[in-house]
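Asker: Following this line is upload_17.cif, made up of mmCIF, C-alpha atoms (C1' of nucleotides):
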```
data_coords
loop_
_atom_site.label_atom_id
_atom_site.label_comp_id
_atom_site.auth_asym_id
_atom_site.auth_seq_id
_atom_site.Cartn_x
_atom_site.Cartn_y
_atom_site.Cartn_z
CA MET A 286 44.34 -14.80 87.72
CA SER A 287 41.36 -16.69 89.08
CA ASN A 288 39.15 -15.44 86.30
CA ALA A 289 37.37 -18.75 86.01
CA PRO A 290 34.89 -18.32 88.88
CA ASP A 291 34.13 -14.74 87.89
CA LEU A 292 31.28 -15.62 85.55
CA LEU A 293 29.89 -18.06 88.09
CA PHE A 294 29.86 -15.55 90.94
CA ARG A 295 28.24 -12.90 88.79
CA THR A 296 25.66 -15.34 87.44
CA LEU A 297 24.69 -16.70 90.84
CA ALA A 298 24.68 -13.31 92.55
CA ASP A 299 21.13 -12.50 91.48
CA PRO A 300 18.54 -14.08 93.82
CA THR A 301 15.93 -14.74 91.15
CA ARG A 302 18.42 -16.37 88.83
CA ARG A 303 19.92 -18.45 91.60
CA ALA A 304 16.44 -19.52 92.69
CA ILE A 305 15.75 -20.77 89.16
CA PHE A 306 18.98 -22.74 89.21
CA GLU A 307 18.17 -24.16 92.64
CA ARG A 308 14.76 -25.27 91.46
CA LEU A 309 16.30 -27.01 88.47
CA CYS A 310 18.66 -28.77 90.86
CA ARG A 311 15.85 -29.83 93.17
CA ASN A 312 13.12 -30.75 90.72
CA GLY A 313 15.04 -31.60 87.59
CA GLU A 314 14.13 -30.59 84.08
CA GLN A 315 11.53 -27.81 83.69
CA THR A 316 9.98 -25.93 80.82
CA VAL A 317 10.14 -22.15 80.60
CA GLY A 318 6.41 -22.02 81.22
CA ALA A 319 6.68 -24.08 84.39
CA LEU A 320 9.50 -21.90 85.68
CA THR A 321 7.57 -18.73 84.81
CA ALA A 322 4.45 -19.93 86.63
CA TRP A 323 6.57 -20.48 89.71
CA ALA A 324 9.00 -17.55 89.66
CA GLY A 325 7.59 -14.16 90.57
CA VAL A 326 8.69 -12.47 87.35
CA SER A 327 7.54 -12.28 83.75
CA GLN A 328 8.31 -14.85 81.07
CA PRO A 329 10.89 -12.68 79.27
CA ALA A 330 12.67 -12.17 82.57
CA VAL A 331 12.83 -15.94 83.08
CA SER A 332 14.08 -16.45 79.53
CA LYS A 333 16.79 -13.86 80.08
CA HIS A 334 17.91 -15.51 83.31
CA LEU A 335 18.00 -18.87 81.60
CA GLY A 336 20.12 -17.35 78.85
CA VAL A 337 22.62 -16.05 81.40
CA LEU A 338 22.68 -19.40 83.20
CA LYS A 339 23.28 -21.14 79.90
CA LEU A 340 26.16 -18.80 79.04
CA ALA A 341 27.75 -19.74 82.36
CA GLY A 342 27.26 -23.41 81.52
CA LEU A 343 24.99 -23.91 84.52
CA VAL A 344 22.00 -25.17 82.48
CA ARG A 345 21.30 -27.08 79.29
CA ASP A 346 18.31 -26.63 77.05
CA ARG A 347 16.43 -29.27 75.12
CA HIS A 348 13.89 -28.29 72.48
CA GLU A 349 10.74 -30.34 72.17
CA GLY A 350 8.15 -28.89 69.86
CA ARG A 351 7.41 -25.36 70.90
CA GLN A 352 8.61 -25.82 74.44
CA THR A 353 12.15 -25.66 75.75
CA HIS A 354 13.19 -27.83 78.65
CA TYR A 355 16.02 -26.64 80.88
CA SER A 356 18.08 -28.73 83.27
CA ALA A 357 20.90 -27.95 85.69
CA GLN A 358 24.49 -28.78 84.86
CA LEU A 359 26.09 -29.31 88.22
CA ARG A 360 29.51 -29.85 86.71
CA ALA A 361 29.67 -26.14 85.97
CA LEU A 362 30.03 -25.50 89.70
CA THR A 363 33.49 -27.06 89.69
CA PRO A 364 35.41 -23.74 89.33
CA LEU A 365 33.48 -22.45 92.34
CA ILE A 366 34.57 -25.44 94.38
CA ASP A 367 38.14 -25.07 93.17
CA TRP A 368 38.19 -21.40 94.07
CA THR A 369 36.87 -22.02 97.56
CA GLN A 370 39.34 -24.81 98.10
CA GLN A 371 42.14 -22.56 96.95
CA MET A 372 41.08 -19.84 99.38
CA ALA A 373 40.52 -22.15 102.28
CA GLY A 374 43.55 -24.27 101.58
CA PHE A 375 43.51 -27.65 103.24
CA TRP A 376 41.08 -26.47 105.86
CA GLU A 377 37.80 -28.00 104.69
CA SER A 378 37.77 -31.74 104.20
CA ARG A 379 34.04 -31.65 103.58
CA PHE A 380 34.85 -31.04 99.96
CA ASP A 381 36.31 -34.46 99.41
CA ASP A 382 32.92 -36.14 99.15
CA LEU A 383 31.63 -33.53 96.74
CA GLU A 384 34.70 -33.89 94.58
CA ASP A 385 34.16 -37.60 94.30
CA LEU A 386 30.57 -37.06 93.31
CA LEU A 387 31.48 -34.64 90.57
CA LYS A 388 34.17 -36.98 89.34
CA ARG A 389 31.66 -39.80 89.08
CA MET A 390 29.31 -37.61 87.08
CA ASP A 391 32.06 -36.52 84.77
CA GLN A 392 31.50 -39.57 82.62
CA MET B 1044 15.02 -20.23 101.83
CA SER B 1045 18.67 -20.19 100.87
CA ASN B 1046 19.09 -16.58 101.88
CA ALA B 1047 22.34 -17.30 103.65
CA PRO B 1048 24.67 -17.41 100.64
CA ASP B 1049 22.98 -14.42 99.00
CA LEU B 1050 25.20 -11.80 100.63
CA LEU B 1051 28.28 -13.90 99.91
CA PHE B 1052 27.51 -14.29 96.23
CA ARG B 1053 26.74 -10.60 95.85
CA THR B 1054 29.86 -9.57 97.74
CA LEU B 1055 32.19 -11.85 95.79
CA ALA B 1056 30.64 -11.07 92.42
CA ASP B 1057 32.73 -7.93 91.91
CA PRO B 1058 36.20 -8.75 90.50
CA THR B 1059 38.04 -5.95 92.30
CA ARG B 1060 36.49 -6.81 95.64
CA ARG B 1061 37.11 -10.51 95.19
CA ALA B 1062 40.72 -9.79 94.22
CA ILE B 1063 41.18 -7.90 97.47
CA PHE B 1064 39.76 -10.82 99.41
CA GLU B 1065 41.97 -13.27 97.52
CA ARG B 1066 45.04 -11.21 98.32
CA LEU B 1067 44.13 -11.17 101.98
CA CYS B 1068 43.74 -14.95 101.84
CA ARG B 1069 47.09 -15.44 100.15
CA ASN B 1070 49.25 -12.86 101.85
CA GLY B 1071 47.54 -12.44 105.17
CA GLU B 1072 46.91 -9.18 106.98
CA GLN B 1073 47.31 -5.98 104.97
CA THR B 1074 46.85 -2.29 105.63
CA VAL B 1075 44.53 -0.19 103.50
CA GLY B 1076 47.54 1.61 102.09
CA ALA B 1077 49.21 -1.62 101.01
CA LEU B 1078 46.02 -2.83 99.36
CA THR B 1079 45.54 0.52 97.62
CA ALA B 1080 49.10 0.51 96.25
CA TRP B 1081 48.43 -2.90 94.76
CA ALA B 1082 44.81 -2.64 93.57
CA GLY B 1083 44.19 -0.57 90.48
CA VAL B 1084 41.65 1.74 92.12
CA SER B 1085 41.67 4.72 94.48
CA GLN B 1086 41.95 4.51 98.24
CA PRO B 1087 38.27 5.36 98.88
CA ALA B 1088 37.30 2.60 96.48
CA VAL B 1089 39.41 0.13 98.44
CA SER B 1090 37.94 1.34 101.71
CA LYS B 1091 34.44 0.89 100.35
CA HIS B 1092 35.19 -2.64 99.17
CA LEU B 1093 36.66 -3.49 102.55
CA GLY B 1094 33.50 -2.17 104.17
CA VAL B 1095 31.33 -4.43 102.01
CA LEU B 1096 33.59 -7.41 102.73
CA LYS B 1097 33.37 -6.65 106.42
CA LEU B 1098 29.56 -6.49 106.29
CA ALA B 1099 29.59 -9.96 104.75
CA GLY B 1100 31.88 -11.15 107.52
CA LEU B 1101 34.62 -11.99 105.05
CA VAL B 1102 37.25 -9.73 106.66
CA ARG B 1103 38.21 -8.42 110.08
CA ASP B 1104 39.78 -5.06 110.81
CA ARG B 1105 42.34 -4.22 113.45
CA HIS B 1106 43.22 -0.64 114.26
CA GLU B 1107 46.80 0.23 115.03
CA GLY B 1108 47.50 3.90 115.29
CA ARG B 1109 46.34 5.63 112.16
CA GLN B 1110 46.47 2.51 110.04
CA THR B 1111 43.84 -0.22 109.76
CA HIS B 1112 44.90 -3.80 109.16
CA TYR B 1113 42.47 -6.13 107.40
CA SER B 1114 42.57 -9.92 107.36
CA ALA B 1115 40.42 -12.60 105.70
CA GLN B 1116 37.89 -14.59 107.67
CA LEU B 1117 37.73 -17.94 105.94
CA ARG B 1118 34.95 -19.21 108.18
CA ALA B 1119 32.57 -16.83 106.44
CA LEU B 1120 32.79 -19.00 103.32
CA THR B 1121 30.96 -21.84 105.05
CA PRO B 1122 27.47 -20.95 103.71
CA LEU B 1123 28.95 -21.03 100.23
CA ILE B 1124 30.26 -24.54 100.79
CA ASP B 1125 26.98 -25.64 102.33
CA TRP B 1126 25.01 -24.26 99.40
CA THR B 1127 27.16 -26.10 96.87
CA GLN B 1128 26.86 -29.32 98.79
CA GLN B 1129 23.11 -28.84 99.05
CA MET B 1130 22.82 -28.43 95.27
CA ALA B 1131 24.87 -31.55 94.78
CA GLY B 1132 22.70 -33.34 97.33
CA PHE B 1133 19.51 -32.49 95.48
CA TRP B 1134 21.07 -33.77 92.33
CA GLU B 1135 22.15 -36.98 93.94
CA SER B 1136 18.74 -37.69 95.52
CA ARG B 1137 17.18 -37.59 92.09
CA PHE B 1138 19.55 -40.34 91.12
CA ASP B 1139 18.35 -42.37 94.06
CA ASP B 1140 14.74 -42.04 92.96
CA LEU B 1141 15.40 -43.03 89.38
CA GLU B 1142 18.07 -45.64 89.49
CA ASP B 1143 18.50 -45.98 85.76
CA LEU B 1144 18.57 -42.26 85.07
CA LEU B 1145 22.31 -42.38 85.01
CA LYS B 1146 22.20 -44.65 82.02
CA ARG B 1147 19.91 -42.36 80.07
CA MET B 1148 22.11 -39.37 80.65
CA ASP B 1149 24.26 -38.52 77.70
CA GLN B 1150 27.16 -37.04 79.54
"C1'" DT C 1104 -5.71 -23.67 57.45
"C1'" DC C 1105 -6.17 -20.76 61.34
"C1'" DG C 1106 -6.25 -19.25 65.94
"C1'" DA C 1107 -3.77 -20.08 70.12
"C1'" DT C 1108 0.26 -21.11 72.77
"C1'" DC C 1109 5.28 -21.17 73.73
"C1'" DG C 1110 9.50 -18.93 74.18
"C1'" DA C 1111 13.05 -15.68 72.48
"C1'" DT C 1112 14.28 -10.96 71.28
"C1'" DA C 1113 13.88 -5.90 71.08
"C1'" DA C 1114 13.34 -1.58 73.21
"C1'" DC C 1115 12.94 0.89 77.12
"C1'" DT C 1116 12.91 2.32 82.26
"C1'" DC C 1117 15.02 2.76 86.53
"C1'" DG C 1118 17.35 1.42 90.70
"C1'" DT C 1119 21.86 -0.24 92.11
"C1'" DT C 1120 26.62 0.17 92.41
"C1'" DG C 1121 31.44 0.76 91.52
"C1'" DG C 1122 34.19 4.43 90.37
"C1'" DT C 1123 35.77 9.25 91.06
"C1'" DT C 1124 37.23 13.77 93.75
"C1'" DA C 1125 36.83 16.41 97.94
"C1'" DT C 1126 37.16 16.59 102.69
"C1'" DG C 1127 37.65 15.79 107.57
"C1'" DG C 1128 39.09 13.38 111.86
"C1'" DA C 1129 42.78 10.99 113.99
"C1'" DT C 1130 47.54 9.95 114.64
"C1'" DT C 1131 52.44 10.37 113.95
"C1'" DG C 1132 56.94 12.59 113.83
"C1'" DA C 1133 59.91 16.49 113.77
"C1'" DT D 1181 52.75 22.56 117.99
"C1'" DC D 1182 52.21 21.76 113.28
"C1'" DA D 1183 52.68 19.64 108.92
"C1'" DA D 1184 52.16 15.23 106.94
"C1'" DT D 1185 50.12 10.72 106.65
"C1'" DC D 1186 46.38 7.28 107.03
"C1'" DC D 1187 41.80 6.06 106.38
"C1'" DA D 1188 36.76 6.81 106.32
"C1'" DT D 1189 32.86 9.34 104.69
"C1'" DA D 1190 30.24 12.45 101.65
"C1'" DA D 1191 28.70 13.79 97.26
"C1'" DC D 1192 28.38 12.94 92.76
"C1'" DC D 1193 28.46 10.43 88.18
"C1'" DA D 1194 28.23 6.89 84.66
"C1'" DA D 1195 27.52 2.21 83.53
"C1'" DC D 1196 25.30 -1.94 84.22
"C1'" DG D 1197 21.61 -4.96 84.88
"C1'" DA D 1198 17.11 -6.72 86.14
"C1'" DG D 1199 12.62 -5.73 85.34
"C1'" DT D 1200 8.80 -4.39 82.25
"C1'" DT D 1201 5.72 -4.38 77.71
"C1'" DA D 1202 5.49 -5.31 72.86
"C1'" DT D 1203 6.24 -8.34 69.27
"C1'" DC D 1204 7.58 -12.12 66.26
"C1'" DG D 1205 8.72 -16.83 64.61
"C1'" DA D 1206 7.56 -21.43 65.39
"C1'" DT D 1207 4.59 -25.11 66.63
"C1'" DC D 1208 0.39 -27.38 68.07
"C1'" DG D 1209 -4.77 -28.34 68.18
"C1'" DA D 1210 -9.12 -28.22 66.05
#
```
Just give me the structure of the file as structure tokens.
Answerer:
Amino acid sequence: MSNAPDLLFRTLADPTRRAIFERLCRNGEQTVGALTAWAGVSQPAVSKHLGVLKLAGLVRDRHEGRQTHYSAQLRALTPLIDWTQQMAGFWESRFDDLEDLLKRMDQ
Amino acid sequence: MSNAPDLLFRTLADPTRRAIFERLCRNGEQTVGALTAWAGVSQPAVSKHLGVLKLAGLVRDRHEGRQTHYSAQLRALTPLIDWTQQMAGFWESRFDDLEDLLKRMDQ
DNA sequence: TCGATCGATAACTCGTTGGTTATGGATTGA
DNA sequence: TCAATCCATAACCAACGAGTTATCGATCGA
């Protein structure tokens, strides 16, 4: 039924991968090299995490010469918000602001 | 840093476990037997999932004779909501710094 | 052109975990 | 009291996944 958030939950479950996504949210676009220098794992590990994030739609990549720049795609979090809202029902009104924000970014 | 949502993401990443939690959200309190009859896995598997959910604070158990009733604890989802809002907040603050970034974004 | 750098992929290891069956303690009902 | 039911735990197994090193294609600088 709610199969939509499945990929998101699985993708964000790993701490290293989620940390990479968080950093992209905080600091904006980063190259693989920059992310590798910061994360505590090897470059192939970072590349693999970025691949998983991209499959989940959570990041975009932009090629520039021999480097690849990655940036967060916050819109991909929408199914997560929808799922939580569905579970919580009407209970949390804090979501309203976030919904508006995502709607503004949608175009 | 954002260690709070880690347990939640990991706990909700498994489809079977999340399905059990969803059912408890939708249909309210259920016994282990009722959940086992509905889920496609064995009774020990259900018990184990309920144990993990309980460790994450996502369910409560109530003992009544030889049966155990489980119910969802929606308040435990709060760190998940906070995390999502925080990610959106980081995103938004970057818009504040670069006022014309929105224009350059091809979305 | 050539060596160096960047990032993706391949191949492999190994710990984690979600599943199973077996079992035991506790409670109910006859 | 005693058999049956409910649920939790133990023990085990197989699959998955996150990490590693090795390597290769592509691109840049000199």
Asker: Considering only C-alpha atoms, extract the chain A residues located within 7 Å of chain B and return them as a ChimeraX atom specification.
Answerer: /A:291,294-295,297-298,300,307,310-311,372-373,383,392
Asker: Please find the residues of chain A near chain D - the criterion being any atom within 9 Å, counting all atoms listed in the file - and write them as a PDB file with C-alpha atoms, keeping the file's coordinate frame.
Answerer:
```
ATOM      1  CA  ASP A 299      21.130 -12.500  91.480  1.00  0.00           C
ATOM      2  CA  VAL A 326       8.690 -12.470  87.350  1.00  0.00           C
ATOM      3  CA  SER A 327       7.540 -12.280  83.750  1.00  0.00           C
ATOM      4  CA  ALA A 330      12.670 -12.170  82.570  1.00  0.00           C
ATOM      5  CA  GLY A 350       8.150 -28.890  69.860  1.00  0.00           C
ATOM      6  CA  ARG A 351       7.410 -25.360  70.900  1.00  0.00           C
ATOM      7  CA  GLN A 352       8.610 -25.820  74.440  1.00  0.00           C
TER       8      GLN A 352
END
```
Asker: Using the chain letters and residue numbers of this document, give as a list in words the residues selected by the PyMOL selection byres ((chain C) within 9 of (chain B)).
Answerer: DG1121, DG1122, DT1123, DA1129, DT1130 and DT1131 of chain C
Asker: Please superimpose chain B upon chain A, fitting all C-alpha atoms matched one to one in order, and report the result as a PDB file with C-alpha atoms, in the coordinates of the input.
Answerer:
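Output file result-v3.pdb follows:
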```pdb
ATOM      1  CA  MET B1044      42.524 -18.514  87.724  1.00  0.00           C
ATOM      2  CA  SER B1045      39.239 -20.207  88.492  1.00  0.00           C
ATOM      3  CA  ASN B1046      37.281 -17.795  86.352  1.00  0.00           C
ATOM      4  CA  ALA B1047      35.267 -20.579  84.800  1.00  0.00           C
ATOM      5  CA  PRO B1048      32.752 -21.156  87.601  1.00  0.00           C
ATOM      6  CA  ASP B1049      32.342 -17.427  88.240  1.00  0.00           C
ATOM      7  CA  LEU B1050      29.491 -16.940  85.773  1.00  0.00           C
ATOM      8  CA  LEU B1051      27.807 -20.103  87.028  1.00  0.00           C
ATOM      9  CA  PHE B1052      27.904 -19.060  90.660  1.00  0.00           C
ATOM     10  CA  ARG B1053      26.625 -15.587  89.849  1.00  0.00           C
ATOM     11  CA  THR B1054      23.867 -16.928  87.621  1.00  0.00           C
ATOM     12  CA  LEU B1055      22.655 -19.516  90.123  1.00  0.00           C
ATOM     13  CA  ALA B1056      22.885 -17.193  93.109  1.00  0.00           C
ATOM     14  CA  ASP B1057      19.449 -15.672  92.501  1.00  0.00           C
ATOM     15  CA  PRO B1058      16.656 -17.843  93.980  1.00  0.00           C
ATOM     16  CA  THR B1059      14.069 -17.050  91.307  1.00  0.00           C
ATOM     17  CA  ARG B1060      16.481 -17.756  88.482  1.00  0.00           C
ATOM     18  CA  ARG B1061      17.724 -20.944  90.085  1.00  0.00           C
ATOM     19  CA  ALA B1062      14.129 -22.067  90.644  1.00  0.00           C
ATOM     20  CA  ILE B1063      13.454 -21.629  86.943  1.00  0.00           C
ATOM     21  CA  PHE B1064      16.506 -23.700  86.105  1.00  0.00           C
ATOM     22  CA  GLU B1065      15.492 -26.376  88.610  1.00  0.00           C
ATOM     23  CA  ARG B1066      12.039 -26.585  87.079  1.00  0.00           C
ATOM     24  CA  LEU B1067      13.526 -26.996  83.638  1.00  0.00           C
ATOM     25  CA  CYS B1068      15.721 -29.782  85.009  1.00  0.00           C
ATOM     26  CA  ARG B1069      12.807 -31.552  86.650  1.00  0.00           C
ATOM     27  CA  ASN B1070      10.041 -31.082  84.132  1.00  0.00           C
ATOM     28  CA  GLY B1071      11.942 -30.670  80.916  1.00  0.00           C
ATOM     29  CA  GLU B1072      11.204 -28.177  78.170  1.00  0.00           C
ATOM     30  CA  GLN B1073       8.856 -25.313  79.018  1.00  0.00           C
ATOM     31  CA  THR B1074       7.526 -22.273  77.214  1.00  0.00           C
ATOM     32  CA  VAL B1075       7.993 -18.793  78.627  1.00  0.00           C
ATOM     33  CA  GLY B1076       4.273 -18.613  79.272  1.00  0.00           C
ATOM     34  CA  ALA B1077       4.268 -21.830  81.282  1.00  0.00           C
ATOM     35  CA  LEU B1078       7.224 -20.657  83.345  1.00  0.00           C
ATOM     36  CA  THR B1079       5.595 -17.266  83.920  1.00  0.00           C
ATOM     37  CA  ALA B1080       2.328 -18.846  85.095  1.00  0.00           C
ATOM     38  CA  TRP B1081       4.299 -20.839  87.633  1.00  0.00           C
ATOM     39  CA  ALA B1082       6.972 -18.373  88.799  1.00  0.00           C
ATOM     40  CA  GLY B1083       5.830 -15.589  91.070  1.00  0.00           C
ATOM     41  CA  VAL B1084       7.140 -12.784  88.858  1.00  0.00           C
ATOM     42  CA  SER B1085       6.108 -11.007  85.660  1.00  0.00           C
ATOM     43  CA  GLN B1086       6.740 -12.287  82.164  1.00  0.00           C
ATOM     44  CA  PRO B1087       9.539  -9.782  81.411  1.00  0.00           C
ATOM     45  CA  ALA B1088      11.252 -10.859  84.608  1.00  0.00           C
ATOM     46  CA  VAL B1089      11.113 -14.480  83.483  1.00  0.00           C
ATOM     47  CA  SER B1090      12.406 -13.551  80.051  1.00  0.00           C
ATOM     48  CA  LYS B1091      15.300 -11.676  81.603  1.00  0.00           C
ATOM     49  CA  HIS B1092      16.199 -14.611  83.837  1.00  0.00           C
ATOM     50  CA  LEU B1093      16.074 -16.949  80.867  1.00  0.00           C
ATOM     51  CA  GLY B1094      18.399 -14.599  79.017  1.00  0.00           C
ATOM     52  CA  VAL B1095      20.920 -14.689  81.867  1.00  0.00           C
ATOM     53  CA  LEU B1096      20.659 -18.483  82.074  1.00  0.00           C
ATOM     54  CA  LYS B1097      21.211 -18.697  78.347  1.00  0.00           C
ATOM     55  CA  LEU B1098      24.309 -16.479  78.550  1.00  0.00           C
ATOM     56  CA  ALA B1099      25.711 -18.885  81.130  1.00  0.00           C
ATOM     57  CA  GLY B1100      24.943 -21.783  78.818  1.00  0.00           C
ATOM     58  CA  LEU B1101      22.559 -23.305  81.330  1.00  0.00           C
ATOM     59  CA  VAL B1102      19.540 -23.323  78.985  1.00  0.00           C
ATOM     60  CA  ARG B1103      18.769 -23.664  75.294  1.00  0.00           C
ATOM     61  CA  ASP B1104      15.912 -22.002  73.460  1.00  0.00           C
ATOM     62  CA  ARG B1105      13.873 -23.385  70.603  1.00  0.00           C
ATOM     63  CA  HIS B1106      11.502 -21.195  68.646  1.00  0.00           C
ATOM     64  CA  GLU B1107       8.211 -22.626  67.512  1.00  0.00           C
ATOM     65  CA  GLY B1108       5.834 -20.126  66.052  1.00  0.00           C
ATOM     66  CA  ARG B1109       5.308 -17.313  68.490  1.00  0.00           C
ATOM     67  CA  GLN B1110       6.333 -19.344  71.502  1.00  0.00           C
ATOM     68  CA  THR B1111       9.857 -20.043  72.743  1.00  0.00           C
ATOM     69  CA  HIS B1112      10.639 -23.334  74.434  1.00  0.00           C
ATOM     70  CA  TYR B1113      13.495 -23.442  76.937  1.00  0.00           C
ATOM     71  CA  SER B1114      15.303 -26.526  78.201  1.00  0.00           C
ATOM     72  CA  ALA B1115      18.118 -27.091  80.713  1.00  0.00           C
ATOM     73  CA  GLN B1116      21.643 -27.825  79.584  1.00  0.00           C
ATOM     74  CA  LEU B1117      23.107 -29.984  82.311  1.00  0.00           C
ATOM     75  CA  ARG B1118      26.536 -30.074  80.701  1.00  0.00           C
ATOM     76  CA  ALA B1119      26.992 -26.436  81.657  1.00  0.00           C
ATOM     77  CA  LEU B1120      27.262 -27.499  85.302  1.00  0.00           C
ATOM     78  CA  THR B1121      30.576 -29.231  84.651  1.00  0.00           C
ATOM     79  CA  PRO B1122      32.794 -26.291  85.750  1.00  0.00           C
ATOM     80  CA  LEU B1123      30.884 -26.265  89.014  1.00  0.00           C
ATOM     81  CA  ILE B1124      31.655 -29.931  89.578  1.00  0.00           C
ATOM     82  CA  ASP B1125      35.278 -29.436  88.592  1.00  0.00           C
ATOM     83  CA  TRP B1126      35.649 -26.518  90.982  1.00  0.00           C
ATOM     84  CA  THR B1127      34.250 -28.508  93.896  1.00  0.00           C
ATOM     85  CA  GLN B1128      36.506 -31.419  93.136  1.00  0.00           C
ATOM     86  CA  GLN B1129      39.473 -29.077  92.864  1.00  0.00           C
ATOM     87  CA  MET B1130      38.745 -27.626  96.315  1.00  0.00           C
ATOM     88  CA  ALA B1131      38.485 -31.110  97.719  1.00  0.00           C
ATOM     89  CA  GLY B1132      41.725 -32.026  95.963  1.00  0.00           C
ATOM     90  CA  PHE B1133      43.607 -29.150  97.547  1.00  0.00           C
ATOM     91  CA  TRP B1134      42.298 -30.214 100.886  1.00  0.00           C
ATOM     92  CA  GLU B1135      43.325 -33.783 100.367  1.00  0.00           C
ATOM     93  CA  SER B1136      46.870 -32.916  99.222  1.00  0.00           C
ATOM     94  CA  ARG B1137      47.437 -31.118 102.486  1.00  0.00           C
ATOM     95  CA  PHE B1138      46.625 -34.355 104.213  1.00  0.00           C
ATOM     96  CA  ASP B1139      49.249 -36.086 102.133  1.00  0.00           C
ATOM     97  CA  ASP B1140      51.896 -33.592 103.191  1.00  0.00           C
ATOM     98  CA  LEU B1141      51.112 -33.828 106.873  1.00  0.00           C
ATOM     99  CA  GLU B1142      50.197 -37.391 107.523  1.00  0.00           C
ATOM    100  CA  ASP B1143      49.250 -36.943 111.145  1.00  0.00           C
ATOM    101  CA  LEU B1144      47.186 -33.821 110.588  1.00  0.00           C
ATOM    102  CA  LEU B1145      44.088 -35.920 110.555  1.00  0.00           C
ATOM    103  CA  LYS B1146      44.712 -36.918 114.121  1.00  0.00           C
ATOM    104  CA  ARG B1147      45.095 -33.347 115.301  1.00  0.00           C
ATOM    105  CA  MET B1148      41.863 -32.284 113.707  1.00  0.00           C
ATOM    106  CA  ASP B1149      39.030 -32.010 116.146  1.00  0.00           C
ATOM    107  CA  GLN B1150      36.222 -32.858 113.826  1.00  0.00           C
TER     108      GLN B1150
END
```
Asker: Between atom C1' of DG1128 of chain C and atom CA of Gly1071 of chain B, measure the distance and give it in Å to one decimal.
Answerer: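 About the pair atom C1' of DG1128 of chain C and atom CA of Gly1071 of chain B: they are 28.0 Å apart.
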Asker: Report as an MDAnalysis selection string all protein, DNA and RNA residues lying within 6 Å of Tyr355 of chain A, evaluated on all atoms listed in the file, omitting residues in the same chain fewer than 6 positions from it.
Answerer: chainID A and resid 314:315 345:346
Asker: Rounded to one decimal place, report the atom C1' of DT1112 of chain C-atom CA of Ala361 of chain A distance in Å.
Answerer: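 Straight-line distance from atom C1' of DT1112 of chain C to atom CA of Ala361 of chain A works out to 26.1 Å.
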Asker: Interatomic distance between atom CA of Leu320 of chain A and atom CA of Ala341 of chain A?
Answerer: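 The value is 18.7 Å.
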